[in-house]
$ cat coords-v3.cif   # mmCIF, C-alpha atoms
data_model
loop_
_atom_site.label_atom_id
_atom_site.label_comp_id
_atom_site.auth_asym_id
_atom_site.auth_seq_id
_atom_site.Cartn_x
_atom_site.Cartn_y
_atom_site.Cartn_z
CA MET A 254 4.42 -65.40 -43.30
CA GLY A 255 8.12 -65.90 -43.89
CA LEU A 256 10.83 -63.28 -43.62
CA ILE A 257 11.30 -62.99 -47.37
CA GLN A 258 7.55 -62.65 -48.02
CA LYS A 259 7.31 -59.91 -45.41
CA SER A 260 10.34 -58.13 -46.89
CA ARG A 261 8.76 -58.27 -50.35
CA ILE A 262 5.75 -56.35 -49.09
CA LYS A 263 7.96 -53.88 -47.25
CA SER A 264 10.35 -53.09 -50.07
CA PRO A 265 8.84 -52.84 -53.57
CA TRP A 266 11.23 -51.09 -55.97
CA ILE A 267 9.48 -49.46 -58.86
CA LEU A 268 10.42 -49.18 -62.51
CA HIS A 269 8.40 -46.60 -64.38
CA PHE A 270 8.01 -46.94 -68.14
CA ASP A 271 6.19 -44.49 -70.39
CA ASN A 272 4.83 -46.16 -73.54
CA SER A 273 3.13 -43.33 -75.38
CA SER A 274 1.51 -41.54 -72.50
CA CYS A 275 0.52 -37.86 -72.60
CA ASN A 276 2.68 -37.48 -69.43
CA GLY A 277 -0.40 -36.95 -67.26
CA CYS A 278 -0.04 -40.28 -65.46
CA ASP A 279 3.76 -39.94 -65.36
CA ILE A 280 3.48 -36.68 -63.46
CA GLU A 281 1.07 -38.34 -61.03
CA ILE A 282 3.54 -41.21 -60.48
CA LEU A 283 6.30 -38.70 -59.75
CA ALA A 284 3.90 -36.85 -57.44
CA CYS A 285 3.80 -40.02 -55.29
CA LEU A 286 7.50 -39.51 -54.53
CA THR A 287 7.08 -35.92 -53.33
CA PRO A 288 6.85 -34.99 -49.62
CA LEU A 289 3.03 -34.81 -49.86
CA TYR A 290 2.51 -38.54 -50.62
CA ASP A 291 6.05 -39.84 -49.81
CA VAL A 292 5.81 -43.48 -50.88
CA GLU A 293 9.32 -44.09 -49.54
CA ARG A 294 7.74 -44.54 -46.10
CA PHE A 295 6.41 -47.87 -47.48
CA GLY A 296 9.90 -48.69 -48.78
CA MET A 297 9.03 -47.88 -52.39
CA VAL A 298 11.94 -46.47 -54.37
CA ASN A 299 11.91 -45.32 -57.96
CA MET A 300 14.58 -47.34 -59.79
CA GLY A 301 16.12 -46.51 -63.13
CA ASN A 302 17.28 -50.07 -63.64
CA PRO A 303 14.96 -52.97 -64.59
CA LYS A 304 17.39 -55.45 -63.00
CA HIS A 305 16.77 -53.95 -59.56
CA ALA A 306 13.01 -53.50 -59.89
CA ASP A 307 10.10 -55.53 -58.51
CA VAL A 308 7.13 -53.55 -59.76
CA LEU A 309 6.66 -52.29 -63.30
CA LEU A 310 4.49 -49.17 -63.45
CA ILE A 311 3.45 -48.70 -67.06
CA THR A 312 1.64 -45.68 -68.44
CA GLY A 313 0.15 -44.99 -71.86
CA SER A 314 -1.20 -47.20 -74.62
CA VAL A 315 1.17 -49.59 -76.38
CA ASN A 316 2.10 -48.76 -79.94
CA ARG A 317 4.11 -50.79 -82.43
CA ARG A 318 7.34 -49.01 -81.51
CA THR A 319 7.14 -49.37 -77.74
CA ALA A 320 5.86 -52.96 -77.67
CA ARG A 321 9.38 -54.26 -78.38
CA VAL A 322 10.92 -52.08 -75.64
CA LEU A 323 8.21 -53.06 -73.16
CA LYS A 324 8.78 -56.78 -73.75
CA ASN A 325 12.53 -56.31 -73.38
CA LEU A 326 12.12 -54.44 -70.08
CA TYR A 327 9.69 -57.05 -68.76
CA GLU A 328 12.18 -59.82 -69.48
CA GLN A 329 14.99 -57.95 -67.70
CA VAL A 330 13.09 -57.64 -64.41
CA PRO A 331 13.99 -60.65 -62.22
CA ASP A 332 11.16 -62.82 -60.81
CA PRO A 333 9.03 -62.37 -58.77
CA LYS A 334 7.66 -59.30 -60.50
CA ILE A 335 4.38 -57.45 -60.76
CA VAL A 336 3.06 -55.38 -63.67
CA ILE A 337 0.70 -52.48 -63.01
CA ALA A 338 -1.07 -50.62 -65.80
CA VAL A 339 -1.53 -47.02 -64.67
CA GLY A 340 -4.32 -44.99 -66.24
CA THR A 341 -7.02 -45.62 -68.80
CA CYS A 342 -4.67 -45.71 -71.80
CA ALA A 343 -2.43 -48.39 -70.24
CA SER A 344 -5.48 -50.42 -69.16
CA SER A 345 -7.39 -50.49 -72.44
CA GLY A 346 -5.85 -48.09 -74.96
CA GLY A 347 -8.21 -45.33 -73.87
CA VAL A 348 -9.12 -42.73 -76.46
CA PHE A 349 -6.32 -44.02 -78.67
CA HIS A 350 -7.69 -47.61 -78.80
CA ASN A 351 -8.53 -47.54 -82.53
CA CYS A 352 -5.56 -45.53 -83.79
CA TYR A 353 -3.74 -47.21 -86.68
CA ASN A 354 -0.43 -47.43 -84.76
CA VAL A 355 -1.83 -48.45 -81.35
CA LEU A 356 -2.01 -52.09 -80.27
CA GLY A 357 -4.19 -51.30 -77.23
CA GLY A 358 -3.58 -51.73 -73.50
CA VAL A 359 -0.44 -53.11 -71.90
CA ASP A 360 -2.10 -56.53 -71.56
CA LYS A 361 -1.84 -57.00 -75.33
CA VAL A 362 1.94 -57.41 -74.92
CA ILE A 363 2.75 -58.58 -71.37
CA PRO A 364 0.62 -60.03 -68.54
CA VAL A 365 -0.82 -57.33 -66.27
CA ASP A 366 -1.58 -57.93 -62.57
CA VAL A 367 -3.33 -54.73 -61.53
CA TYR A 368 -5.23 -52.11 -63.55
CA ILE A 369 -5.47 -48.58 -62.16
CA PRO A 370 -8.22 -46.56 -63.88
CA GLY A 371 -8.29 -42.78 -64.23
CA CYS A 372 -7.33 -40.09 -66.68
CA ALA A 373 -4.96 -39.19 -65.20
CA ALA A 374 -4.84 -41.76 -62.36
CA ARG A 375 -4.68 -39.97 -59.02
CA PRO A 376 -1.64 -40.53 -56.74
CA GLU A 377 -3.96 -42.06 -54.08
CA ALA A 378 -5.25 -44.53 -56.68
CA ILE A 379 -1.69 -45.41 -57.73
CA ILE A 380 -0.64 -46.06 -54.11
CA ASP A 381 -3.78 -48.19 -53.61
CA GLY A 382 -2.97 -50.15 -56.75
CA VAL A 383 0.60 -50.86 -55.66
CA VAL A 384 -0.56 -51.98 -52.20
CA LEU A 385 -3.07 -54.34 -53.87
CA ALA A 386 -0.32 -55.72 -56.09
CA LEU A 387 1.97 -56.34 -53.11
CA GLN A 388 -0.43 -58.92 -51.67
CA LYS A 389 0.05 -60.87 -54.87
CA LEU A 390 3.82 -60.26 -55.01
CA ALA A 391 4.35 -61.73 -51.53
CA ASN A 392 2.94 -65.08 -52.59
CA LEU A 393 4.86 -65.43 -55.86
CA ARG A 394 7.77 -67.86 -55.95
CA GLY A 395 11.29 -66.51 -56.51
CA ASP A 396 12.94 -68.99 -58.84
CA LYS A 397 10.06 -69.31 -61.26
CA LYS A 398 11.36 -70.84 -64.47
CA MET B 47 43.66 -67.87 -29.86
CA ILE B 48 40.10 -68.76 -28.82
CA ASN B 49 39.58 -65.14 -27.75
CA GLN B 50 40.65 -63.91 -31.18
CA LEU B 51 38.31 -66.38 -32.88
CA ILE B 52 35.39 -65.15 -30.76
CA THR B 53 36.31 -61.53 -31.57
CA ILE B 54 36.29 -62.32 -35.31
CA ILE B 55 32.92 -64.11 -35.18
CA VAL B 56 31.30 -61.35 -33.11
CA ALA B 57 32.68 -58.67 -35.43
CA LEU B 58 31.46 -60.48 -38.55
CA ILE B 59 27.93 -60.78 -37.13
CA VAL B 60 27.64 -57.38 -35.42
CA ALA B 61 29.27 -55.24 -38.15
CA PRO B 62 26.55 -55.75 -40.81
CA LEU B 63 23.84 -55.18 -38.19
CA ILE B 64 25.39 -51.82 -37.24
CA GLY B 65 26.08 -50.96 -40.89
CA GLY B 66 22.50 -51.75 -41.94
CA LEU B 67 21.05 -49.69 -39.09
CA LEU B 68 23.33 -46.77 -39.99
CA PHE B 69 22.11 -46.94 -43.61
CA GLY B 70 18.50 -47.01 -42.37
CA PHE B 71 19.24 -44.01 -40.16
CA ASP B 72 20.75 -42.31 -43.22
CA ARG B 73 17.54 -42.80 -45.25
CA LYS B 74 15.39 -41.58 -42.37
CA ILE B 75 17.50 -38.44 -41.79
CA THR B 76 17.63 -37.70 -45.52
CA ALA B 77 13.83 -38.01 -45.73
CA ARG B 78 13.36 -35.70 -42.74
CA LEU B 79 15.71 -33.11 -44.25
CA GLN B 80 13.60 -33.22 -47.42
CA GLY B 81 10.37 -32.76 -45.46
CA ARG B 82 9.27 -36.40 -45.84
CA TYR B 83 8.41 -39.03 -43.23
CA GLY B 84 10.87 -41.61 -44.53
CA PRO B 85 11.07 -45.43 -44.40
CA PRO B 86 11.43 -47.38 -41.14
CA ILE B 87 14.96 -47.52 -39.76
CA ILE B 88 15.25 -51.26 -40.51
CA GLN B 89 14.37 -50.70 -44.18
CA PRO B 90 17.85 -51.82 -45.46
CA PHE B 91 17.22 -55.26 -43.91
CA TYR B 92 13.85 -55.55 -45.68
CA ASP B 93 15.61 -54.66 -48.95
CA PHE B 94 18.34 -57.21 -48.23
CA PHE B 95 15.97 -60.13 -47.56
CA LYS B 96 13.74 -59.22 -50.49
CA LEU B 97 16.76 -59.27 -52.81
CA LEU B 98 17.79 -62.68 -51.41
CA GLY B 99 14.43 -64.09 -52.50
CA LYS B 100 14.73 -62.87 -56.09
CA GLU B 101 15.69 -64.78 -59.19
CA ARG B 102 19.40 -65.28 -59.94
CA ILE B 103 20.37 -63.82 -63.30
CA ALA B 104 23.88 -64.39 -64.60
CA VAL B 105 25.22 -61.90 -67.12
CA SER B 106 28.84 -63.08 -67.02
CA LYS B 107 30.68 -65.98 -65.41
CA LEU B 108 33.48 -63.90 -63.88
CA GLN B 109 31.20 -61.35 -62.25
CA PHE B 110 30.49 -63.64 -59.30
CA ILE B 111 34.14 -64.40 -58.64
CA TRP B 112 34.86 -60.67 -58.35
CA ILE B 113 31.86 -60.02 -56.14
CA TYR B 114 32.93 -62.77 -53.72
CA GLY B 115 36.47 -61.34 -53.87
CA TYR B 116 35.07 -57.94 -52.95
CA LEU B 117 33.27 -59.47 -49.95
CA ILE B 118 36.25 -61.52 -48.78
CA PHE B 119 38.82 -58.70 -49.01
CA MET B 120 36.46 -56.35 -47.18
CA VAL B 121 35.81 -58.90 -44.42
CA VAL B 122 39.52 -59.67 -44.05
CA SER B 123 40.37 -55.97 -43.71
CA LEU B 124 37.67 -55.68 -41.02
CA VAL B 125 39.28 -58.66 -39.25
CA PHE B 126 42.63 -56.81 -39.41
CA LEU B 127 40.99 -53.87 -37.66
CA VAL B 128 39.27 -55.82 -34.86
CA LEU B 129 42.36 -57.97 -34.18
CA LYS B 130 44.46 -54.73 -34.11
CA LEU B 131 46.93 -55.96 -36.73
CA ASP B 132 48.95 -54.07 -39.34
CA PHE B 133 47.33 -50.85 -40.59
CA LEU B 134 49.37 -50.72 -43.81
CA LEU B 135 48.19 -54.19 -44.83
CA LEU B 136 44.63 -53.15 -44.02
CA VAL B 137 44.95 -50.26 -46.49
CA PHE B 138 46.24 -52.62 -49.19
CA LEU B 139 43.43 -55.13 -48.56
CA LEU B 140 40.91 -52.31 -48.84
CA GLY B 141 42.55 -51.38 -52.14
CA PHE B 142 42.22 -54.97 -53.40
CA ALA B 143 38.54 -54.94 -52.43
CA GLY B 144 38.04 -51.77 -54.49
CA VAL B 145 39.82 -53.32 -57.46
CA CYS B 146 37.60 -56.45 -57.26
CA PHE B 147 34.55 -54.19 -57.35
CA VAL B 148 35.87 -52.44 -60.48
CA LEU B 149 36.78 -55.71 -62.22
CA GLY B 150 33.30 -57.09 -61.45
CA ALA B 151 31.81 -54.17 -63.34
CA PHE B 152 34.31 -54.52 -66.21
CA SER B 153 33.49 -58.23 -66.59
CA THR B 154 30.00 -57.39 -67.91
CA LYS B 155 29.13 -55.96 -71.29
CA SER B 156 26.98 -53.07 -70.11
CA PRO B 157 28.36 -49.67 -71.15
CA TYR B 158 26.83 -48.16 -67.99
CA ALA B 159 28.80 -50.59 -65.81
CA HIS B 160 31.96 -49.71 -67.74
CA PHE B 161 31.31 -46.01 -67.21
CA GLY B 162 30.81 -46.65 -63.50
CA ALA B 163 33.96 -48.79 -63.33
CA ASN B 164 36.07 -46.06 -64.94
CA ARG B 165 34.74 -43.55 -62.44
CA GLU B 166 35.31 -45.99 -59.57
CA LEU B 167 38.95 -46.23 -60.69
CA LEU B 168 39.17 -42.43 -60.41
CA GLN B 169 37.67 -42.70 -56.92
CA ILE B 170 40.33 -45.24 -55.94
CA LEU B 171 42.95 -42.87 -57.37
CA ALA B 172 41.50 -40.12 -55.19
CA TYR B 173 41.33 -41.91 -51.81
CA GLU B 174 44.07 -44.54 -51.85
CA PRO B 175 47.06 -42.10 -51.54
CA VAL B 176 45.39 -40.37 -48.58
CA LEU B 177 44.94 -43.68 -46.75
CA LEU B 178 48.58 -44.55 -47.45
CA PHE B 179 49.61 -41.20 -46.01
CA LEU B 180 47.52 -41.98 -42.94
CA ALA B 181 49.48 -45.23 -42.53
CA LEU B 182 52.75 -43.27 -42.89
CA GLY B 183 51.51 -40.69 -40.38
CA ILE B 184 50.69 -43.43 -37.87
CA TYR B 185 54.20 -44.85 -38.42
CA ALA B 186 55.80 -41.43 -37.96
CA LYS B 187 53.89 -40.98 -34.71
CA ASN B 188 54.20 -44.44 -33.15
CA GLY B 189 57.16 -45.99 -34.96
CA SER B 190 54.95 -48.94 -35.92
CA PHE B 191 52.16 -49.76 -38.36
CA LEU B 192 50.43 -51.96 -35.78
CA ILE B 193 46.96 -50.84 -34.71
CA ASN B 194 47.70 -52.44 -31.36
CA GLU B 195 50.39 -49.78 -30.82
CA ILE B 196 47.79 -47.02 -31.29
CA PHE B 197 45.74 -48.43 -28.41
CA LYS B 198 48.81 -48.40 -26.13
CA GLN B 199 49.41 -44.66 -26.50
CA ASP B 200 47.93 -42.35 -23.87
CA LYS B 201 47.66 -39.31 -26.12
CA PRO B 202 45.12 -39.72 -28.95
CA LEU B 203 46.30 -39.58 -32.57
CA LEU B 204 43.92 -36.69 -33.25
CA PHE B 205 46.18 -34.16 -31.47
CA THR B 206 49.16 -34.77 -33.74
CA LEU B 207 47.41 -36.07 -36.87
CA TRP B 208 44.50 -33.61 -37.14
CA PRO B 209 45.41 -32.49 -40.72
CA LEU B 210 45.24 -36.15 -41.79
CA PHE B 211 41.92 -36.45 -39.96
CA ILE B 212 40.48 -33.75 -42.24
CA ALA B 213 41.89 -35.60 -45.25
CA VAL B 214 40.28 -38.86 -44.06
CA LEU B 215 36.92 -37.08 -43.82
CA VAL B 216 37.17 -36.41 -47.57
CA VAL B 217 38.05 -40.09 -48.08
CA LEU B 218 34.99 -41.16 -46.09
CA THR B 219 32.73 -39.09 -48.34
CA ILE B 220 34.33 -40.60 -51.44
CA LYS B 221 34.12 -44.15 -50.09
CA MET B 222 30.47 -43.78 -49.05
CA ARG B 223 29.73 -42.74 -52.66
CA LYS B 224 27.53 -39.90 -51.48
CA SER B 225 27.10 -36.38 -52.86
CA PRO B 226 29.22 -34.51 -53.87
CA PHE B 227 31.06 -37.72 -54.84
CA ASP B 228 28.00 -39.73 -55.91
CA ILE B 229 29.88 -40.54 -59.10
CA SER B 230 30.39 -44.24 -59.80
CA THR B 231 27.11 -45.78 -58.63
CA SER B 232 24.82 -42.73 -58.98
CA HIS B 233 22.47 -43.34 -56.08
CA HIS B 234 20.03 -40.69 -57.18
CA ALA B 235 20.75 -39.76 -60.79
CA HIS B 236 19.59 -43.00 -62.44
CA GLN B 237 19.04 -41.25 -65.76
CA GLU B 238 22.75 -40.53 -66.10
CA ILE B 239 24.50 -43.93 -65.91
CA VAL B 240 21.63 -46.04 -64.48
CA ARG B 241 23.35 -47.51 -61.38
CA GLY B 242 26.91 -47.37 -62.74
CA THR B 243 29.12 -50.10 -61.31
CA ILE B 244 26.23 -52.08 -59.82
CA THR B 245 23.92 -51.90 -62.86
CA GLU B 246 24.43 -55.55 -63.80
CA TYR B 247 24.05 -57.04 -60.31
CA SER B 248 20.55 -58.21 -59.50
CA GLY B 249 18.76 -60.27 -56.88
CA PRO B 250 20.98 -62.10 -54.33
CA TYR B 251 24.17 -60.68 -55.82
CA TYR B 252 22.94 -57.15 -55.31
CA ALA B 253 22.11 -58.14 -51.72
CA LEU B 254 25.75 -59.23 -51.41
CA ILE B 255 26.90 -55.79 -52.62
CA GLN B 256 24.76 -54.17 -49.94
CA LEU B 257 26.26 -56.48 -47.32
CA VAL B 258 29.76 -55.42 -48.39
CA GLU B 259 28.72 -51.76 -48.21
CA TRP B 260 27.60 -52.28 -44.61
CA TYR B 261 30.95 -53.88 -43.73
CA GLU B 262 32.75 -51.07 -45.53
CA LEU B 263 30.92 -48.34 -43.59
CA VAL B 264 31.71 -49.98 -40.24
CA LEU B 265 35.33 -50.44 -41.29
CA LEU B 266 35.74 -46.79 -42.28
CA LEU B 267 34.05 -45.51 -39.12
CA GLY B 268 36.36 -47.88 -37.20
CA ILE B 269 39.39 -46.30 -38.89
CA ILE B 270 38.10 -42.86 -37.87
CA ALA B 271 37.58 -44.11 -34.30
CA LEU B 272 41.32 -44.98 -34.21
CA PHE B 273 42.05 -41.26 -34.02
CA TRP B 274 40.90 -41.36 -30.40
CA ALA B 275 41.60 -44.97 -29.47
CA ASN B 276 42.15 -44.41 -25.75
CA PRO B 277 39.42 -44.39 -24.39
CA LEU B 278 37.68 -45.92 -27.40
CA TRP B 279 34.18 -44.61 -26.67
CA VAL B 280 35.34 -41.06 -27.48
CA GLY B 281 36.60 -42.35 -30.82
CA ILE B 282 33.28 -44.06 -31.53
CA LEU B 283 31.43 -40.84 -30.71
CA ILE B 284 33.74 -38.93 -33.09
CA ALA B 285 33.06 -41.56 -35.79
CA LEU B 286 29.29 -41.24 -35.35
CA GLY B 287 29.65 -37.45 -35.43
CA THR B 288 31.49 -37.63 -38.74
CA PHE B 289 28.79 -39.99 -40.08
CA ILE B 290 26.11 -37.40 -39.30
CA LEU B 291 28.33 -34.72 -40.86
CA GLU B 292 28.49 -36.85 -44.03
CA LEU B 293 24.69 -37.07 -44.12
CA LEU B 294 24.46 -33.27 -43.88
CA ILE B 295 27.05 -32.84 -46.65
CA ASP B 296 25.16 -35.38 -48.79
CA ASN B 297 21.95 -33.40 -48.46
CA ILE B 298 23.32 -29.91 -49.02
CA ALA B 299 25.82 -30.68 -51.79
CA ALA B 300 25.26 -31.14 -55.51
CA ARG B 301 26.96 -33.96 -57.43
CA MET B 302 30.38 -32.99 -58.76
CA THR B 303 32.45 -34.36 -61.63
CA ALA B 304 35.03 -37.10 -61.15
CA ARG B 305 37.87 -34.79 -62.19
CA TRP B 306 36.88 -32.25 -59.52
CA MET B 307 36.91 -35.05 -56.95
CA VAL B 308 40.47 -36.12 -57.82
CA ARG B 309 41.63 -32.49 -57.79
CA LEU B 310 40.06 -31.83 -54.37
CA SER B 311 41.28 -35.05 -52.80
CA TRP B 312 44.83 -34.62 -54.12
CA SER B 313 45.13 -30.92 -53.35
CA VAL B 314 43.54 -30.97 -49.87
CA GLY B 315 44.28 -34.56 -48.84
CA LEU B 316 47.82 -34.96 -50.11
CA ILE B 317 49.04 -31.49 -49.09
CA LEU B 318 47.62 -31.89 -45.58
CA GLY B 319 49.14 -35.37 -45.39
CA ILE B 320 52.60 -34.26 -46.55
CA ILE B 321 52.67 -31.24 -44.21
CA ASN B 322 51.54 -33.43 -41.32
CA ILE B 323 54.19 -36.11 -41.84
CA ALA B 324 56.96 -33.59 -42.59
CA TYR B 325 56.14 -31.72 -39.37
CA LEU B 326 56.22 -34.95 -37.36
CA TYR B 327 59.65 -35.88 -38.73
CA LEU B 328 61.03 -32.34 -38.27
CA THR B 329 59.99 -32.17 -34.63
CA LYS B 330 60.91 -35.74 -33.70
CA GLY B 331 63.92 -36.21 -35.94
CA VAL B 332 64.04 -38.92 -38.60
CA ALA B 333 63.70 -42.34 -36.97
#
$ encode --input "coords-v3.cif" --output "structure tokens"
Amino acid sequence: MGLIQKSRIKSPWILHFDNSSCNGCDIEILACLTPLYDVERFGMVNMGNPKHADVLLITGSVNRRTARVLKNLYEQVPDPKIVIAVGTCASSGGVFHNCYNVLGGVDKVIPVDVYIPGCAARPEAIIDGVVLALQKLANLRGDKK
Amino acid sequence: MINQLITIIVALIVAPLIGGLLFGFDRKITARLQGRYGPPIIQPFYDFFKLLGKERIAVSKLQFIWIYGYLIFMVVSLVFLVLKLDFLLLVFLLGFAGVCFVLGAFSTKSPYAHFGANRELLQILAYEPVLLFLALGIYAKNGSFLINEIFKQDKPLLFTLWPLFIAVLVVLTIKMRKSPFDISTSHHAHQEIVRGTITEYSGPYYALIQLVEWYELVLLLGIIALFWANPLWVGILIALGTFILELLIDNIAARMTARWMVRLSWSVGLILGIINIAYLYLTKGVA
């Protein structure tokens, strides 16, 4: 494994985006950053800037309003990137799947690499999901056109 | 000549290694102070190599010229320090580096970068006069701007220039862009101006910014070490002590406004500097 591949696994920077979540999953994502779970020991940092991020953590089902924003954010993240759908709503639309304004899960708009189930997804499950995604991230090529 | 060349090459290779390790140490200490375990101490190098492997995204043509300018000016001022050349020129080169950083942010269209650039200009306004006063203080003490002259003196600068030393501590906090002066790049408050000046840099170019930050940290700690240049190891210990002091200040202080920063730096830094230099001239007589 090359130096850059190893570094990719060791330093995933996270961008968190809330589509139309009830904030349950968002609180669990923030819980990962607290001293109890402390994901920074794996090099994970919560970024506020899509241009510095590697991993997109997306919560909530996609509606017609947020689909545009989500696509925009996805395009701003430089390759290689990984998309993780956190929680039941982000994975499939959840209880909102047949609402008139809801398109469904995140995979209706952008390609998703890892689905994390749960309502809300537990911090342990989120950390597991990110670690799973990193195996994939390491093998992606940088200058993918 | 060959000796100088070797010194330059060694400095250019060793400085980022030390700078990166110091940043890793910073993250570890910060985590421990917050009751967390923290990333490994070589985490900044992982971040650096990961960023090198990312896609290049260009948002403006000029941005890259300014970022290379930032790197080159910073490296040249480090070379001035290790070759023990003119301190006044070093201060000006450091100023040019800061201006390149600001212009790089202004060359993009992002309002967050513009916000950060305006605040970075205020930071330059806050620290640049203090550094100039330090150069004047060194001249008043030694009768020369040459760093080489500092190394020839038996008595350390700290005894006569201790008010300026306190002022330079404020400058170090401003230059490291840490709390309470975490203003232009907002390391922690991403919801305020995203990443400020460095918002529009991504991938390898962001790695370059980190490289310059490592050089900058080593350069500033080197300037602090000059206060006790003979023997130098005492100076290096003082520099490391101030670095740990900065980490403590970063963790116990809240972020302040840019205006407060300028007020503090000008009131404390400039007054201490003026008193220091005036005292030197009064006791020694005007040269």
$ residues_around --input "coords-v3.cif" --residues "Lys263 (chain A)" --least-positions-apart "5" --cutoff "8 Å" --atoms "only C-alpha atoms" --output "PyMOL selection string"
(chain A and resi 295-297) or (chain B and resi 89+92-93)
$ closest_residue --input "coords-v3.cif" --among "A:Asn316, A:Thr341, A:Asn392, A:Asn272" --to "chain B" --atoms "all atoms listed in the file"
A:Asn392
$ closest_atom_pairs --input "coords-v3.cif" --of "chain B" --to "chain A" --cutoff "10 Å" --atoms "all atoms listed in the file" --output "tab-separated table"
residue	atom	partner	partner_atom	distance
B:Arg73	CA	A:Glu293	CA	9.4
B:Lys74	CA	A:Arg294	CA	9.0
B:Ala77	CA	A:Glu293	CA	8.5
B:Arg78	CA	A:Pro288	CA	9.5
B:Gln80	CA	A:Pro288	CA	7.3
B:Gly81	CA	A:Pro288	CA	5.9
B:Arg82	CA	A:Pro288	CA	4.7
B:Tyr83	CA	A:Arg294	CA	6.2
B:Gly84	CA	A:Arg294	CA	4.6
B:Pro85	CA	A:Arg294	CA	3.8
B:Pro86	CA	A:Arg294	CA	6.8
B:Gln89	CA	A:Gly296	CA	6.7
B:Pro90	CA	A:Ser264	CA	8.9
B:Phe91	CA	A:Ser260	CA	8.0
B:Tyr92	CA	A:Ser260	CA	4.5
B:Asp93	CA	A:Ser264	CA	5.6
B:Phe94	CA	A:Ser260	CA	8.2
B:Phe95	CA	A:Ile257	CA	5.5
B:Lys96	CA	A:Ser260	CA	5.1
B:Leu97	CA	A:Arg261	CA	8.4
B:Leu98	CA	A:Ile257	CA	7.7
B:Gly99	CA	A:Gly395	CA	5.6
B:Lys100	CA	A:Gly395	CA	5.0
B:Glu101	CA	A:Asp396	CA	5.0
B:Arg102	CA	A:Pro331	CA	7.5
B:Ile103	CA	A:Pro331	CA	7.2
B:His233	CA	A:Met300	CA	9.6
B:His234	CA	A:Met300	CA	9.0
B:Ala235	CA	A:Gly301	CA	8.5
B:His236	CA	A:Gly301	CA	5.0
B:Gln237	CA	A:Gly301	CA	6.6
B:Glu238	CA	A:Gly301	CA	9.4
B:Ile239	CA	A:Gly301	CA	9.2
B:Val240	CA	A:Gly301	CA	5.7
B:Arg241	CA	A:Asn302	CA	7.0
B:Ile244	CA	A:His305	CA	9.6
B:Thr245	CA	A:Asn302	CA	6.9
B:Glu246	CA	A:Lys304	CA	7.1
B:Tyr247	CA	A:Lys304	CA	7.4
B:Ser248	CA	A:Lys304	CA	5.5
B:Gly249	CA	A:His305	CA	7.1
B:Tyr252	CA	A:His305	CA	8.1
$ atom_distance --input "coords-v3.cif" --atom1 "CA of Thr288 (chain B)" --atom2 "CA of Leu266 (chain B)"
10.7 Å
$ resolve_selection --input "coords-v3.cif" --expression "the PyMOL selection byres ((chain A and resi 343-350) around 8)" --output "JSON, numbers by chain"
{"A": [311, 312, 313, 314, 315, 338, 339, 340, 341, 342, 351, 352, 355, 356, 357, 358, 359, 360, 368, 369, 370]}
$ closest_atom_pairs --input "coords-v3.cif" --of "region 222-283 of chain B" --to "region 165-188 of chain B" --cutoff "10 Å" --atoms "all atoms listed in the file" --output "JSON lines"
{"residue": "B:Arg223", "atom": "CA", "partner": "B:Gln169", "partner_atom": "CA", "distance": 9.0}
{"residue": "B:Phe227", "atom": "CA", "partner": "B:Gln169", "partner_atom": "CA", "distance": 8.5}
{"residue": "B:Ile229", "atom": "CA", "partner": "B:Arg165", "partner_atom": "CA", "distance": 6.6}
{"residue": "B:Ser230", "atom": "CA", "partner": "B:Arg165", "partner_atom": "CA", "distance": 5.1}
{"residue": "B:Thr231", "atom": "CA", "partner": "B:Glu166", "partner_atom": "CA", "distance": 8.3}
{"residue": "B:Gly242", "atom": "CA", "partner": "B:Arg165", "partner_atom": "CA", "distance": 8.7}
{"residue": "B:Thr243", "atom": "CA", "partner": "B:Glu166", "partner_atom": "CA", "distance": 7.6}
{"residue": "B:Ile269", "atom": "CA", "partner": "B:Leu177", "partner_atom": "CA", "distance": 10.0}
{"residue": "B:Phe273", "atom": "CA", "partner": "B:Ile184", "partner_atom": "CA", "distance": 9.7}
$ resolve_selection --input "coords-v3.cif" --expression "the PyMOL selection byres ((chain B and resi 47-57) around 7)" --output "PyMOL selection string"
chain B and resi 58-61+125+129
$ resolve_selection --input "coords-v3.cif" --expression "the PyMOL selection byres ((chain B and resi 294) around 12)" --output "PyMOL selection string"
chain B and resi 72-73+75-80+219+224-226+287-293+295-300
$ atom_distance --input "coords-v3.cif" --atom1 "CA of Gly65 (chain B)" --atom2 "CA of Gly115 (chain B)"
19.6 Å
$ build_atoms --input "coords-v3.cif" --residues "region 350-354 of chain A" --atoms "N, CA and C atoms" --output "PDB file, in the coordinates of the input"
ATOM      1  N   HIS A 350      -7.606 -46.156 -78.596  1.00  0.00           N
ATOM      2  CA  HIS A 350      -7.690 -47.610 -78.800  1.00  0.00           C
ATOM      3  C   HIS A 350      -7.809 -47.994 -80.273  1.00  0.00           C
ATOM      4  N   ASN A 351      -8.407 -47.128 -81.117  1.00  0.00           N
ATOM      5  CA  ASN A 351      -8.530 -47.540 -82.530  1.00  0.00           C
ATOM      6  C   ASN A 351      -7.614 -46.754 -83.467  1.00  0.00           C
ATOM      7  N   CYS A 352      -6.548 -46.169 -82.923  1.00  0.00           N
ATOM      8  CA  CYS A 352      -5.560 -45.530 -83.790  1.00  0.00           C
ATOM      9  C   CYS A 352      -4.827 -46.605 -84.608  1.00  0.00           C
ATOM     10  N   TYR A 353      -4.367 -46.218 -85.794  1.00  0.00           N
ATOM     11  CA  TYR A 353      -3.740 -47.210 -86.680  1.00  0.00           C
ATOM     12  C   TYR A 353      -2.426 -47.754 -86.127  1.00  0.00           C
ATOM     13  N   ASN A 354      -1.723 -46.963 -85.272  1.00  0.00           N
ATOM     14  CA  ASN A 354      -0.430 -47.430 -84.760  1.00  0.00           C
ATOM     15  C   ASN A 354      -0.508 -48.009 -83.355  1.00  0.00           C
TER      16      ASN A 354
END
